[in-house]
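Structure data (compact mmCIF, N, CA and C atoms and all ligand atoms) from data-v7.txt:
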```txt
# COMPACT_ATOMS: atom_id res chain seq x y z
N MET A 1 99.80 116.94 119.53
CA MET A 1 100.27 115.85 120.40
C MET A 1 101.70 116.14 120.85
N THR A 2 101.88 116.45 122.10
CA THR A 2 103.22 116.76 122.60
C THR A 2 103.49 115.97 123.87
N GLY A 3 104.73 116.04 124.34
CA GLY A 3 105.14 115.29 125.54
C GLY A 3 105.98 114.11 125.14
N PRO A 4 106.85 113.67 126.05
CA PRO A 4 107.84 112.64 125.69
C PRO A 4 107.24 111.29 125.31
N ASN A 5 106.00 111.05 125.68
CA ASN A 5 105.40 109.74 125.39
C ASN A 5 104.62 109.72 124.09
N PHE A 6 104.56 110.84 123.42
CA PHE A 6 103.76 110.93 122.19
C PHE A 6 104.59 111.53 121.06
N HIS A 7 104.52 110.90 119.92
CA HIS A 7 105.27 111.38 118.75
C HIS A 7 104.35 111.29 117.54
N ALA A 8 103.80 112.41 117.15
CA ALA A 8 102.85 112.42 116.04
C ALA A 8 103.54 112.04 114.73
N PHE A 9 102.81 111.35 113.90
CA PHE A 9 103.29 110.91 112.59
C PHE A 9 102.90 111.94 111.53
N ARG A 10 103.84 112.27 110.66
CA ARG A 10 103.49 113.10 109.50
C ARG A 10 104.48 112.83 108.39
N ASP A 11 103.97 112.33 107.29
CA ASP A 11 104.77 112.13 106.10
C ASP A 11 106.02 111.26 106.37
N PHE A 12 105.82 110.20 107.11
CA PHE A 12 106.88 109.22 107.40
C PHE A 12 108.04 109.81 108.20
N ARG A 13 107.68 110.84 108.99
CA ARG A 13 108.57 111.33 110.03
C ARG A 13 107.74 111.33 111.31
N TRP A 14 108.43 111.18 112.45
CA TRP A 14 107.77 111.21 113.73
C TRP A 14 108.31 112.39 114.52
N GLU A 15 107.37 113.22 115.01
CA GLU A 15 107.70 114.43 115.75
C GLU A 15 108.66 114.09 116.91
N GLY A 16 109.76 114.83 116.99
CA GLY A 16 110.70 114.64 118.09
C GLY A 16 111.66 113.49 117.90
N VAL A 17 111.58 112.78 116.78
CA VAL A 17 112.48 111.66 116.50
C VAL A 17 113.53 112.12 115.50
N ASP A 18 114.80 111.89 115.83
CA ASP A 18 115.88 112.30 114.91
C ASP A 18 115.78 111.52 113.61
N HIS A 19 116.02 112.22 112.53
CA HIS A 19 116.05 111.59 111.20
C HIS A 19 117.52 111.52 110.80
N LEU A 20 118.03 110.32 110.66
CA LEU A 20 119.45 110.11 110.42
C LEU A 20 119.69 109.62 109.01
N PRO A 21 120.08 110.54 108.15
CA PRO A 21 120.41 110.07 106.80
C PRO A 21 121.72 109.30 106.85
N TYR A 22 121.75 108.15 106.24
CA TYR A 22 122.99 107.40 106.13
C TYR A 22 123.89 108.08 105.11
N LYS A 23 125.19 107.93 105.31
CA LYS A 23 126.11 108.41 104.29
C LYS A 23 125.92 107.59 103.02
N GLU A 24 126.14 108.25 101.91
CA GLU A 24 126.01 107.56 100.63
C GLU A 24 127.18 106.60 100.41
N VAL A 25 128.31 106.95 100.97
CA VAL A 25 129.49 106.11 100.80
C VAL A 25 130.02 105.75 102.18
N GLY A 26 130.26 104.50 102.42
CA GLY A 26 130.78 104.09 103.72
C GLY A 26 131.52 102.78 103.59
N SER A 27 131.81 102.18 104.73
CA SER A 27 132.54 100.91 104.73
C SER A 27 131.64 99.79 104.22
N ALA A 28 130.33 99.96 104.38
CA ALA A 28 129.38 98.95 103.91
C ALA A 28 128.61 99.51 102.72
N PRO A 29 128.33 98.69 101.72
CA PRO A 29 127.62 99.20 100.54
C PRO A 29 126.11 99.31 100.77
N PHE A 30 125.62 100.51 100.64
CA PHE A 30 124.18 100.76 100.70
C PHE A 30 123.95 102.05 99.94
N ARG A 31 122.70 102.36 99.68
CA ARG A 31 122.42 103.57 98.92
C ARG A 31 121.12 104.21 99.34
N ALA A 32 121.15 105.50 99.56
CA ALA A 32 119.94 106.32 99.71
C ALA A 32 118.99 105.79 100.77
N ILE A 33 119.52 105.52 101.97
CA ILE A 33 118.67 104.98 103.04
C ILE A 33 118.81 105.86 104.27
N SER A 34 117.67 106.09 104.94
CA SER A 34 117.67 106.88 106.17
C SER A 34 117.12 106.04 107.31
N ARG A 35 117.36 106.51 108.54
CA ARG A 35 116.98 105.72 109.71
C ARG A 35 116.37 106.63 110.77
N GLN A 36 115.28 106.18 111.40
CA GLN A 36 114.72 106.84 112.58
C GLN A 36 114.54 105.77 113.65
N VAL A 37 115.05 106.04 114.85
CA VAL A 37 114.87 105.10 115.96
C VAL A 37 113.60 105.53 116.70
N LEU A 38 112.55 104.73 116.59
CA LEU A 38 111.23 105.11 117.11
C LEU A 38 111.10 104.77 118.59
N PHE A 39 111.58 103.59 118.98
CA PHE A 39 111.57 103.18 120.39
C PHE A 39 112.93 102.62 120.74
N SER A 40 113.44 103.06 121.88
CA SER A 40 114.70 102.52 122.38
C SER A 40 114.64 102.55 123.90
N GLU A 41 113.70 101.79 124.44
CA GLU A 41 113.47 101.82 125.89
C GLU A 41 114.20 100.64 126.52
N PRO A 42 115.09 100.91 127.49
CA PRO A 42 115.85 99.81 128.10
C PRO A 42 114.96 98.68 128.63
N ALA A 43 113.83 99.02 129.22
CA ALA A 43 112.97 97.99 129.81
C ALA A 43 112.34 97.07 128.76
N LEU A 44 112.23 97.57 127.54
CA LEU A 44 111.67 96.75 126.47
C LEU A 44 112.73 95.83 125.84
N ALA A 45 114.00 96.19 126.06
CA ALA A 45 115.13 95.39 125.56
C ALA A 45 115.16 95.26 124.04
N CYS A 46 114.36 96.08 123.36
CA CYS A 46 114.42 96.06 121.90
C CYS A 46 114.38 97.49 121.37
N GLN A 47 114.73 97.62 120.13
CA GLN A 47 114.57 98.90 119.45
C GLN A 47 113.63 98.68 118.27
N LEU A 48 112.82 99.70 118.01
CA LEU A 48 112.02 99.70 116.78
C LEU A 48 112.51 100.86 115.94
N ARG A 49 113.00 100.53 114.74
CA ARG A 49 113.54 101.54 113.85
C ARG A 49 112.68 101.62 112.58
N TYR A 50 112.69 102.77 111.95
CA TYR A 50 112.07 102.91 110.64
C TYR A 50 113.16 103.27 109.64
N PHE A 51 113.34 102.41 108.66
CA PHE A 51 114.30 102.65 107.59
C PHE A 51 113.55 103.02 106.33
N GLU A 52 114.09 103.95 105.61
CA GLU A 52 113.46 104.30 104.34
C GLU A 52 114.53 104.52 103.28
N MET A 53 114.30 103.93 102.13
CA MET A 53 115.22 104.17 101.03
C MET A 53 114.49 104.84 99.88
N ALA A 54 115.21 105.72 99.21
CA ALA A 54 114.66 106.38 98.04
C ALA A 54 114.52 105.36 96.91
N ALA A 55 113.81 105.74 95.87
CA ALA A 55 113.63 104.85 94.72
C ALA A 55 114.97 104.31 94.26
N GLY A 56 115.08 103.01 94.13
CA GLY A 56 116.33 102.41 93.67
C GLY A 56 117.38 102.25 94.76
N GLY A 57 117.08 102.70 95.98
CA GLY A 57 118.04 102.55 97.07
C GLY A 57 118.04 101.12 97.59
N TYR A 58 119.03 100.81 98.39
CA TYR A 58 119.08 99.47 98.97
C TYR A 58 119.85 99.48 100.28
N SER A 59 119.57 98.45 101.08
CA SER A 59 120.27 98.28 102.35
C SER A 59 121.52 97.44 102.11
N THR A 60 122.32 97.33 103.15
CA THR A 60 123.55 96.53 103.07
C THR A 60 123.21 95.04 103.04
N LEU A 61 123.89 94.29 102.21
CA LEU A 61 123.80 92.83 102.24
C LEU A 61 124.65 92.36 103.41
N GLU A 62 124.01 91.71 104.40
CA GLU A 62 124.71 91.38 105.64
C GLU A 62 124.09 90.16 106.30
N CYS A 63 124.80 89.61 107.28
CA CYS A 63 124.21 88.61 108.17
C CYS A 63 124.80 88.77 109.56
N HIS A 64 124.11 88.21 110.56
CA HIS A 64 124.51 88.35 111.96
C HIS A 64 123.70 87.37 112.80
N ALA A 65 124.12 87.24 114.08
CA ALA A 65 123.46 86.28 114.98
C ALA A 65 122.10 86.80 115.46
N HIS A 66 121.94 88.13 115.55
CA HIS A 66 120.64 88.64 116.02
C HIS A 66 119.60 88.57 114.90
N GLU A 67 118.34 88.65 115.30
CA GLU A 67 117.24 88.50 114.36
C GLU A 67 116.54 89.85 114.15
N HIS A 68 115.79 89.91 113.07
CA HIS A 68 114.98 91.10 112.80
C HIS A 68 113.53 90.69 112.62
N GLY A 69 112.62 91.52 113.11
CA GLY A 69 111.21 91.44 112.72
C GLY A 69 110.90 92.70 111.92
N VAL A 70 110.41 92.53 110.70
CA VAL A 70 110.23 93.65 109.78
C VAL A 70 108.77 93.75 109.34
N MET A 71 108.24 94.94 109.28
CA MET A 71 106.94 95.20 108.63
C MET A 71 107.12 96.32 107.62
N ILE A 72 106.74 96.04 106.37
CA ILE A 72 106.80 97.08 105.35
C ILE A 72 105.70 98.10 105.62
N LEU A 73 106.05 99.38 105.54
CA LEU A 73 105.05 100.43 105.76
C LEU A 73 104.75 101.23 104.51
N ARG A 74 105.69 101.28 103.59
CA ARG A 74 105.54 102.22 102.47
C ARG A 74 106.24 101.67 101.23
N GLY A 75 105.56 101.75 100.11
CA GLY A 75 106.19 101.42 98.84
C GLY A 75 106.38 99.92 98.63
N HIS A 76 107.13 99.62 97.59
CA HIS A 76 107.35 98.22 97.21
C HIS A 76 108.83 97.99 96.98
N GLY A 77 109.21 96.76 97.17
CA GLY A 77 110.61 96.43 96.95
C GLY A 77 110.79 94.93 96.89
N HIS A 78 112.03 94.53 96.82
CA HIS A 78 112.38 93.12 96.87
C HIS A 78 113.24 92.90 98.10
N CYS A 79 113.10 91.73 98.70
CA CYS A 79 114.00 91.41 99.78
C CYS A 79 114.56 90.01 99.62
N LEU A 80 115.78 89.89 100.03
CA LEU A 80 116.47 88.61 100.09
C LEU A 80 116.55 88.21 101.56
N VAL A 81 116.11 86.99 101.86
CA VAL A 81 116.27 86.42 103.21
C VAL A 81 116.79 85.00 103.03
N GLY A 82 118.00 84.77 103.44
CA GLY A 82 118.61 83.44 103.25
C GLY A 82 118.85 83.22 101.77
N THR A 83 118.11 82.27 101.20
CA THR A 83 118.24 82.04 99.76
C THR A 83 116.91 82.32 99.05
N GLU A 84 116.04 83.07 99.72
CA GLU A 84 114.71 83.35 99.19
C GLU A 84 114.60 84.82 98.81
N VAL A 85 114.05 85.09 97.64
CA VAL A 85 113.82 86.46 97.18
C VAL A 85 112.32 86.66 97.03
N ARG A 86 111.80 87.73 97.62
CA ARG A 86 110.36 88.00 97.55
C ARG A 86 110.12 89.45 97.17
N GLN A 87 109.01 89.66 96.46
CA GLN A 87 108.52 91.01 96.25
C GLN A 87 107.65 91.34 97.45
N VAL A 88 107.84 92.52 98.03
CA VAL A 88 107.11 92.85 99.26
C VAL A 88 106.49 94.24 99.15
N GLY A 89 105.41 94.44 99.90
CA GLY A 89 104.69 95.71 99.90
C GLY A 89 104.08 95.96 101.26
N PRO A 90 103.29 97.04 101.36
CA PRO A 90 102.78 97.51 102.64
C PRO A 90 102.16 96.41 103.51
N TYR A 91 102.60 96.39 104.74
CA TYR A 91 102.10 95.55 105.84
C TYR A 91 102.55 94.10 105.75
N ASP A 92 103.31 93.75 104.74
CA ASP A 92 103.93 92.42 104.74
C ASP A 92 104.88 92.32 105.92
N LEU A 93 104.95 91.12 106.50
CA LEU A 93 105.85 90.85 107.62
C LEU A 93 106.97 89.95 107.15
N ILE A 94 108.18 90.23 107.60
CA ILE A 94 109.35 89.45 107.21
C ILE A 94 110.16 89.15 108.46
N HIS A 95 110.37 87.87 108.72
CA HIS A 95 111.25 87.47 109.82
C HIS A 95 112.62 87.15 109.24
N ILE A 96 113.65 87.74 109.79
CA ILE A 96 115.01 87.45 109.34
C ILE A 96 115.70 86.65 110.45
N PRO A 97 115.88 85.34 110.20
CA PRO A 97 116.46 84.48 111.24
C PRO A 97 117.95 84.77 111.43
N ALA A 98 118.49 84.21 112.50
CA ALA A 98 119.92 84.35 112.79
C ALA A 98 120.74 83.79 111.63
N GLN A 99 121.78 84.51 111.28
CA GLN A 99 122.76 84.10 110.26
C GLN A 99 122.20 83.98 108.83
N ALA A 100 121.04 84.58 108.60
CA ALA A 100 120.50 84.59 107.23
C ALA A 100 121.01 85.85 106.52
N TRP A 101 121.56 85.66 105.34
CA TRP A 101 121.92 86.84 104.53
C TRP A 101 120.66 87.58 104.18
N HIS A 102 120.70 88.91 104.27
CA HIS A 102 119.49 89.68 103.96
C HIS A 102 119.84 91.02 103.36
N GLN A 103 118.94 91.47 102.49
CA GLN A 103 119.09 92.78 101.85
C GLN A 103 117.72 93.22 101.34
N PHE A 104 117.48 94.53 101.41
CA PHE A 104 116.23 95.11 100.90
C PHE A 104 116.58 96.07 99.77
N ARG A 105 115.74 96.08 98.76
CA ARG A 105 115.96 97.00 97.64
C ARG A 105 114.63 97.62 97.23
N ALA A 106 114.62 98.95 97.11
CA ALA A 106 113.40 99.65 96.70
C ALA A 106 113.16 99.44 95.21
N THR A 107 111.89 99.30 94.86
CA THR A 107 111.50 99.30 93.45
C THR A 107 111.81 100.68 92.87
N GLU A 108 112.25 100.70 91.62
CA GLU A 108 112.50 101.99 90.97
C GLU A 108 111.20 102.80 90.94
N GLY A 109 111.30 104.09 91.21
CA GLY A 109 110.14 104.97 91.06
C GLY A 109 109.36 105.25 92.31
N GLU A 110 109.70 104.63 93.45
CA GLU A 110 108.98 104.96 94.68
C GLU A 110 109.85 104.70 95.90
N ALA A 111 109.57 105.50 96.93
CA ALA A 111 110.26 105.31 98.21
C ALA A 111 109.75 104.02 98.85
N PHE A 112 110.59 103.41 99.64
CA PHE A 112 110.30 102.11 100.25
C PHE A 112 110.73 102.18 101.71
N GLY A 113 109.76 101.96 102.62
CA GLY A 113 110.09 102.10 104.03
C GLY A 113 109.56 100.94 104.85
N PHE A 114 110.28 100.59 105.91
CA PHE A 114 109.84 99.47 106.75
C PHE A 114 110.25 99.69 108.20
N LEU A 115 109.44 99.11 109.11
CA LEU A 115 109.78 99.04 110.52
C LEU A 115 110.67 97.84 110.74
N CYS A 116 111.65 97.97 111.61
CA CYS A 116 112.54 96.85 111.91
C CYS A 116 112.77 96.79 113.42
N MET A 117 112.37 95.65 113.99
CA MET A 117 112.52 95.43 115.43
C MET A 117 113.78 94.60 115.66
N VAL A 118 114.55 95.01 116.67
CA VAL A 118 115.84 94.36 116.90
C VAL A 118 116.16 94.39 118.39
N ASN A 119 116.86 93.38 118.87
CA ASN A 119 117.28 93.37 120.27
C ASN A 119 118.30 94.47 120.52
N VAL A 120 118.25 95.08 121.71
CA VAL A 120 119.24 96.11 122.05
C VAL A 120 120.65 95.51 122.07
N ALA A 121 120.80 94.32 122.64
CA ALA A 121 122.11 93.64 122.70
C ALA A 121 122.26 92.83 121.43
N ARG A 122 123.16 93.25 120.57
CA ARG A 122 123.29 92.55 119.30
C ARG A 122 124.71 92.59 118.77
N ASP A 123 125.02 91.60 117.97
CA ASP A 123 126.36 91.50 117.37
C ASP A 123 126.45 92.38 116.13
N ARG A 124 127.67 92.61 115.71
CA ARG A 124 127.88 93.44 114.52
C ARG A 124 127.60 92.63 113.26
N PRO A 125 127.01 93.28 112.26
CA PRO A 125 126.76 92.58 110.99
C PRO A 125 128.07 92.16 110.32
N ARG A 126 127.99 91.06 109.60
CA ARG A 126 129.11 90.59 108.79
C ARG A 126 128.77 90.83 107.32
N LEU A 127 129.77 91.25 106.55
CA LEU A 127 129.57 91.48 105.12
C LEU A 127 130.07 90.26 104.35
N PRO A 128 129.50 90.00 103.17
CA PRO A 128 129.88 88.79 102.44
C PRO A 128 131.26 88.90 101.82
N GLY A 129 132.00 87.81 101.88
CA GLY A 129 133.25 87.69 101.16
C GLY A 129 133.01 86.97 99.84
N PRO A 130 134.03 86.79 99.04
CA PRO A 130 133.86 86.14 97.73
C PRO A 130 133.23 84.75 97.83
N GLU A 131 133.59 83.98 98.87
CA GLU A 131 133.01 82.63 99.01
C GLU A 131 131.53 82.71 99.36
N ASP A 132 131.16 83.67 100.21
CA ASP A 132 129.75 83.84 100.55
C ASP A 132 128.94 84.21 99.30
N LEU A 133 129.50 85.12 98.50
CA LEU A 133 128.78 85.56 97.29
C LEU A 133 128.65 84.42 96.30
N ALA A 134 129.70 83.61 96.19
CA ALA A 134 129.63 82.46 95.27
C ALA A 134 128.55 81.48 95.72
N ALA A 135 128.47 81.24 97.05
CA ALA A 135 127.45 80.31 97.57
C ALA A 135 126.05 80.88 97.33
N LEU A 136 125.89 82.20 97.51
CA LEU A 136 124.59 82.82 97.27
C LEU A 136 124.21 82.73 95.79
N ARG A 137 125.21 82.94 94.94
CA ARG A 137 124.94 82.94 93.49
C ARG A 137 124.61 81.57 92.93
N ALA A 138 124.85 80.52 93.72
CA ALA A 138 124.47 79.17 93.30
C ALA A 138 122.95 79.05 93.18
N HIS A 139 122.23 79.98 93.81
CA HIS A 139 120.76 79.98 93.73
C HIS A 139 120.35 80.99 92.67
N PRO A 140 119.72 80.55 91.58
CA PRO A 140 119.41 81.46 90.46
C PRO A 140 118.63 82.72 90.86
N ALA A 141 117.66 82.57 91.74
CA ALA A 141 116.85 83.74 92.13
C ALA A 141 117.71 84.74 92.90
N VAL A 142 118.64 84.22 93.70
CA VAL A 142 119.52 85.10 94.47
C VAL A 142 120.50 85.80 93.53
N ALA A 143 121.03 85.05 92.57
CA ALA A 143 121.96 85.64 91.59
C ALA A 143 121.27 86.76 90.83
N ALA A 144 120.02 86.54 90.43
CA ALA A 144 119.27 87.58 89.71
C ALA A 144 119.07 88.80 90.60
N PHE A 145 118.74 88.57 91.85
CA PHE A 145 118.56 89.68 92.80
C PHE A 145 119.85 90.48 92.94
N LEU A 146 120.97 89.78 93.09
CA LEU A 146 122.25 90.47 93.27
C LEU A 146 122.62 91.26 92.02
N ASP A 147 122.31 90.69 90.85
CA ASP A 147 122.61 91.38 89.58
C ASP A 147 121.78 92.65 89.42
N GLU A 148 120.57 92.65 90.03
CA GLU A 148 119.69 93.82 89.90
C GLU A 148 120.00 94.90 90.92
N THR A 149 120.91 94.63 91.84
CA THR A 149 121.29 95.61 92.85
C THR A 149 122.59 96.26 92.41
N PRO A 150 122.52 97.51 91.94
CA PRO A 150 123.73 98.16 91.44
C PRO A 150 124.77 98.34 92.54
N ARG A 151 126.02 98.09 92.23
CA ARG A 151 127.09 98.23 93.22
C ARG A 151 128.19 99.13 92.68
MN MN B 1 120.51 93.23 109.53
```

Rewrite the coordinates I just gave you, this time as structure tokens.
Ligand code: MN
Amino acid sequence: MTGPNFHAFRDFRWEGVDHLPYKEVGSAPFRAISRQVLFSEPALACQLRYFEMAAGGYSTLECHAHEHGVMILRGHGHCLVGTEVRQVGPYDLIHIPAQAWHQFRATEGEAFGFLCMVNVARDRPRLPGPEDLAALRAHPAVAAFLDETPR
């Protein structure tokens, strides 16, 4: 399968799509996560990305005005959305509303990957300050989730 309109899938990589490993250390805390931008067509006004984290990896805890539509494709993990923590696995759908704190964490022992749809025009994520973390920790399930995410 070749040509600009076709990208064959193999082992959670797509032919002709750049695989962008995130830095392990950066301004935002995350671990062992990579990114592939699958669709970025101006006329669609959205991007579809595939994020994958290694066993025990996690995404940045963040919030923003734009929304995400997520479908898990591989492995198992936990996700925080707002004040809700869920165990998630293949083909589960997760809507992340505007201004909801969110974070994904891979279960130990397996890679965890998901599709994430996002508007092309979007604001920058905000990271939690001490007051945000205190408010999140007021919810026992969220506090447990945060404690299980190594920092
Ligand atoms: Mn986000």

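The residues sitting within 7 Å of ligand MN 1 (chain B), with only N, CA and C atoms and all ligand atoms considered, come out as Glu62, Cys63, His64, Glu67, His68, His102 and Pro125 of chain A.
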
Prev. selection, N, CA and C atoms, output as a short mmCIF file (atom, residue, chain, number, x, y, z; two decimals), in the coordinates of the input:
```
data_model
loop_
_atom_site.label_atom_id
_atom_site.label_comp_id
_atom_site.auth_asym_id
_atom_site.auth_seq_id
_atom_site.Cartn_x
_atom_site.Cartn_y
_atom_site.Cartn_z
N GLU A 62 124.01 91.71 104.40
CA GLU A 62 124.71 91.38 105.64
C GLU A 62 124.09 90.16 106.30
N CYS A 63 124.80 89.61 107.28
CA CYS A 63 124.21 88.61 108.17
C CYS A 63 124.80 88.77 109.56
N HIS A 64 124.11 88.21 110.56
CA HIS A 64 124.51 88.35 111.96
C HIS A 64 123.70 87.37 112.80
N GLU A 67 118.34 88.65 115.30
CA GLU A 67 117.24 88.50 114.36
C GLU A 67 116.54 89.85 114.15
N HIS A 68 115.79 89.91 113.07
CA HIS A 68 114.98 91.10 112.80
C HIS A 68 113.53 90.69 112.62
N HIS A 102 120.70 88.91 104.27
CA HIS A 102 119.49 89.68 103.96
C HIS A 102 119.84 91.02 103.36
N PRO A 125 127.01 93.28 112.26
CA PRO A 125 126.76 92.58 110.99
C PRO A 125 128.07 92.16 110.32
#
```

Centre and size of axis-aligned box enclosing region 69-84 of chain A plus 3 Å each side, as lines of an AutoDock Vina configuration file:
```
center_x = 111.8
center_y = 92.1
center_z = 105.0
size_x = 20.1
size_y = 26.2
size_z = 22.3
```

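Across the structure, atom C of Arg13 (chain A) and CA of Tyr50 (chain A) are spaced 9.5 Å apart.
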
Nearest to Glu52 (chain A) among A:Ala32, A:Ala143, A:Val85, A:Val37, with distances taken over all atoms listed in the file: which residue is it?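 Nearest candidate to Glu52 (chain A) out of A:Ala32, A:Ala143, A:Val85, A:Val37: A:Ala32.
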
To one decimal place in Å, what is the distance between atom N of Leu93 (chain A) and atom C of Arg105 (chain A)?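 Computing it gives 14.9 Å between the two atoms.
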
Distance criterion (only C-alpha atoms): nearest to Ala121 (chain A) out of A:Pro4, A:Ser40, A:Arg10, A:Gly56: A:Ser40

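Among A:Gln87, A:Ser34, A:Asn5, A:Thr149, the residue with the shortest atom-to-atom distance to Ala54 (chain A), counting all atoms listed in the file, is A:Ser34.
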
Please supply region 3-11 of chain A, rebuilt with all heavy atoms, as a PDB file, keeping the file's coordinate frame.
```pdb
ATOM      1  N   GLY A   3     104.730 116.040 124.340  1.00  0.00           N
ATOM      2  CA  GLY A   3     105.140 115.290 125.540  1.00  0.00           C
ATOM      3  C   GLY A   3     105.980 114.110 125.140  1.00  0.00           C
ATOM      4  O   GLY A   3     105.866 113.626 124.015  1.00  0.00           O
ATOM      5  N   PRO A   4     106.850 113.670 126.050  1.00  0.00           N
ATOM      6  CA  PRO A   4     107.840 112.640 125.690  1.00  0.00           C
ATOM      7  C   PRO A   4     107.240 111.290 125.310  1.00  0.00           C
ATOM      8  O   PRO A   4     107.895 110.490 124.659  1.00  0.00           O
ATOM      9  CB  PRO A   4     108.698 112.531 126.957  1.00  0.00           C
ATOM     10  CG  PRO A   4     107.849 113.077 128.055  1.00  0.00           C
ATOM     11  CD  PRO A   4     106.971 114.120 127.428  1.00  0.00           C
ATOM     12  N   ASN A   5     106.000 111.050 125.680  1.00  0.00           N
ATOM     13  CA  ASN A   5     105.400 109.740 125.390  1.00  0.00           C
ATOM     14  C   ASN A   5     104.620 109.720 124.090  1.00  0.00           C
ATOM     15  O   ASN A   5     104.088 108.682 123.711  1.00  0.00           O
ATOM     16  CB  ASN A   5     104.490 109.302 126.543  1.00  0.00           C
ATOM     17  CG  ASN A   5     105.276 109.053 127.815  1.00  0.00           C
ATOM     18  OD1 ASN A   5     106.427 108.602 127.758  1.00  0.00           O
ATOM     19  ND2 ASN A   5     104.690 109.362 128.938  1.00  0.00           N
ATOM     20  N   PHE A   6     104.560 110.840 123.420  1.00  0.00           N
ATOM     21  CA  PHE A   6     103.760 110.930 122.190  1.00  0.00           C
ATOM     22  C   PHE A   6     104.590 111.530 121.060  1.00  0.00           C
ATOM     23  O   PHE A   6     105.305 112.518 121.271  1.00  0.00           O
ATOM     24  CB  PHE A   6     102.518 111.821 122.423  1.00  0.00           C
ATOM     25  CG  PHE A   6     101.578 111.268 123.450  1.00  0.00           C
ATOM     26  CD1 PHE A   6     101.738 111.580 124.782  1.00  0.00           C
ATOM     27  CD2 PHE A   6     100.553 110.405 123.083  1.00  0.00           C
ATOM     28  CE1 PHE A   6     100.889 111.052 125.746  1.00  0.00           C
ATOM     29  CE2 PHE A   6      99.699 109.878 124.033  1.00  0.00           C
ATOM     30  CZ  PHE A   6      99.862 110.199 125.372  1.00  0.00           C
ATOM     31  N   HIS A   7     104.520 110.900 119.920  1.00  0.00           N
ATOM     32  CA  HIS A   7     105.270 111.380 118.750  1.00  0.00           C
ATOM     33  C   HIS A   7     104.350 111.290 117.540  1.00  0.00           C
ATOM     34  O   HIS A   7     104.135 110.198 117.003  1.00  0.00           O
ATOM     35  CB  HIS A   7     106.525 110.541 118.521  1.00  0.00           C
ATOM     36  CG  HIS A   7     107.461 110.570 119.691  1.00  0.00           C
ATOM     37  ND1 HIS A   7     108.427 111.535 119.843  1.00  0.00           N
ATOM     38  CD2 HIS A   7     107.546 109.774 120.782  1.00  0.00           C
ATOM     39  CE1 HIS A   7     109.086 111.324 120.972  1.00  0.00           C
ATOM     40  NE2 HIS A   7     108.571 110.256 121.563  1.00  0.00           N
ATOM     41  N   ALA A   8     103.800 112.410 117.150  1.00  0.00           N
ATOM     42  CA  ALA A   8     102.850 112.420 116.040  1.00  0.00           C
ATOM     43  C   ALA A   8     103.540 112.040 114.730  1.00  0.00           C
ATOM     44  O   ALA A   8     104.699 112.396 114.503  1.00  0.00           O
ATOM     45  CB  ALA A   8     102.197 113.786 115.922  1.00  0.00           C
ATOM     46  N   PHE A   9     102.810 111.350 113.900  1.00  0.00           N
ATOM     47  CA  PHE A   9     103.290 110.910 112.590  1.00  0.00           C
ATOM     48  C   PHE A   9     102.900 111.940 111.530  1.00  0.00           C
ATOM     49  O   PHE A   9     101.770 112.414 111.527  1.00  0.00           O
ATOM     50  CB  PHE A   9     102.644 109.559 112.257  1.00  0.00           C
ATOM     51  CG  PHE A   9     102.845 109.092 110.848  1.00  0.00           C
ATOM     52  CD1 PHE A   9     103.962 108.339 110.511  1.00  0.00           C
ATOM     53  CD2 PHE A   9     101.909 109.372 109.860  1.00  0.00           C
ATOM     54  CE1 PHE A   9     104.145 107.882 109.206  1.00  0.00           C
ATOM     55  CE2 PHE A   9     102.088 108.920 108.555  1.00  0.00           C
ATOM     56  CZ  PHE A   9     103.207 108.183 108.229  1.00  0.00           C
ATOM     57  N   ARG A  10     103.840 112.270 110.660  1.00  0.00           N
ATOM     58  CA  ARG A  10     103.490 113.100 109.500  1.00  0.00           C
ATOM     59  C   ARG A  10     104.480 112.830 108.390  1.00  0.00           C
ATOM     60  O   ARG A  10     105.679 113.061 108.562  1.00  0.00           O
ATOM     61  CB  ARG A  10     103.516 114.580 109.891  1.00  0.00           C
ATOM     62  CG  ARG A  10     102.964 115.443 108.780  1.00  0.00           C
ATOM     63  CD  ARG A  10     102.930 116.902 109.158  1.00  0.00           C
ATOM     64  NE  ARG A  10     102.594 117.692 107.973  1.00  0.00           N
ATOM     65  CZ  ARG A  10     102.884 118.956 107.844  1.00  0.00           C
ATOM     66  NH1 ARG A  10     103.505 119.609 108.821  1.00  0.00           N
ATOM     67  NH2 ARG A  10     102.568 119.600 106.731  1.00  0.00           N
ATOM     68  N   ASP A  11     103.970 112.330 107.290  1.00  0.00           N
ATOM     69  CA  ASP A  11     104.770 112.130 106.100  1.00  0.00           C
ATOM     70  C   ASP A  11     106.020 111.260 106.370  1.00  0.00           C
ATOM     71  O   ASP A  11     107.116 111.575 105.933  1.00  0.00           O
ATOM     72  CB  ASP A  11     105.168 113.490 105.493  1.00  0.00           C
ATOM     73  CG  ASP A  11     105.638 113.371 104.049  1.00  0.00           C
ATOM     74  OD1 ASP A  11     105.293 112.367 103.392  1.00  0.00           O
ATOM     75  OD2 ASP A  11     106.370 114.266 103.596  1.00  0.00           O
TER      76      ASP A  11
END
```
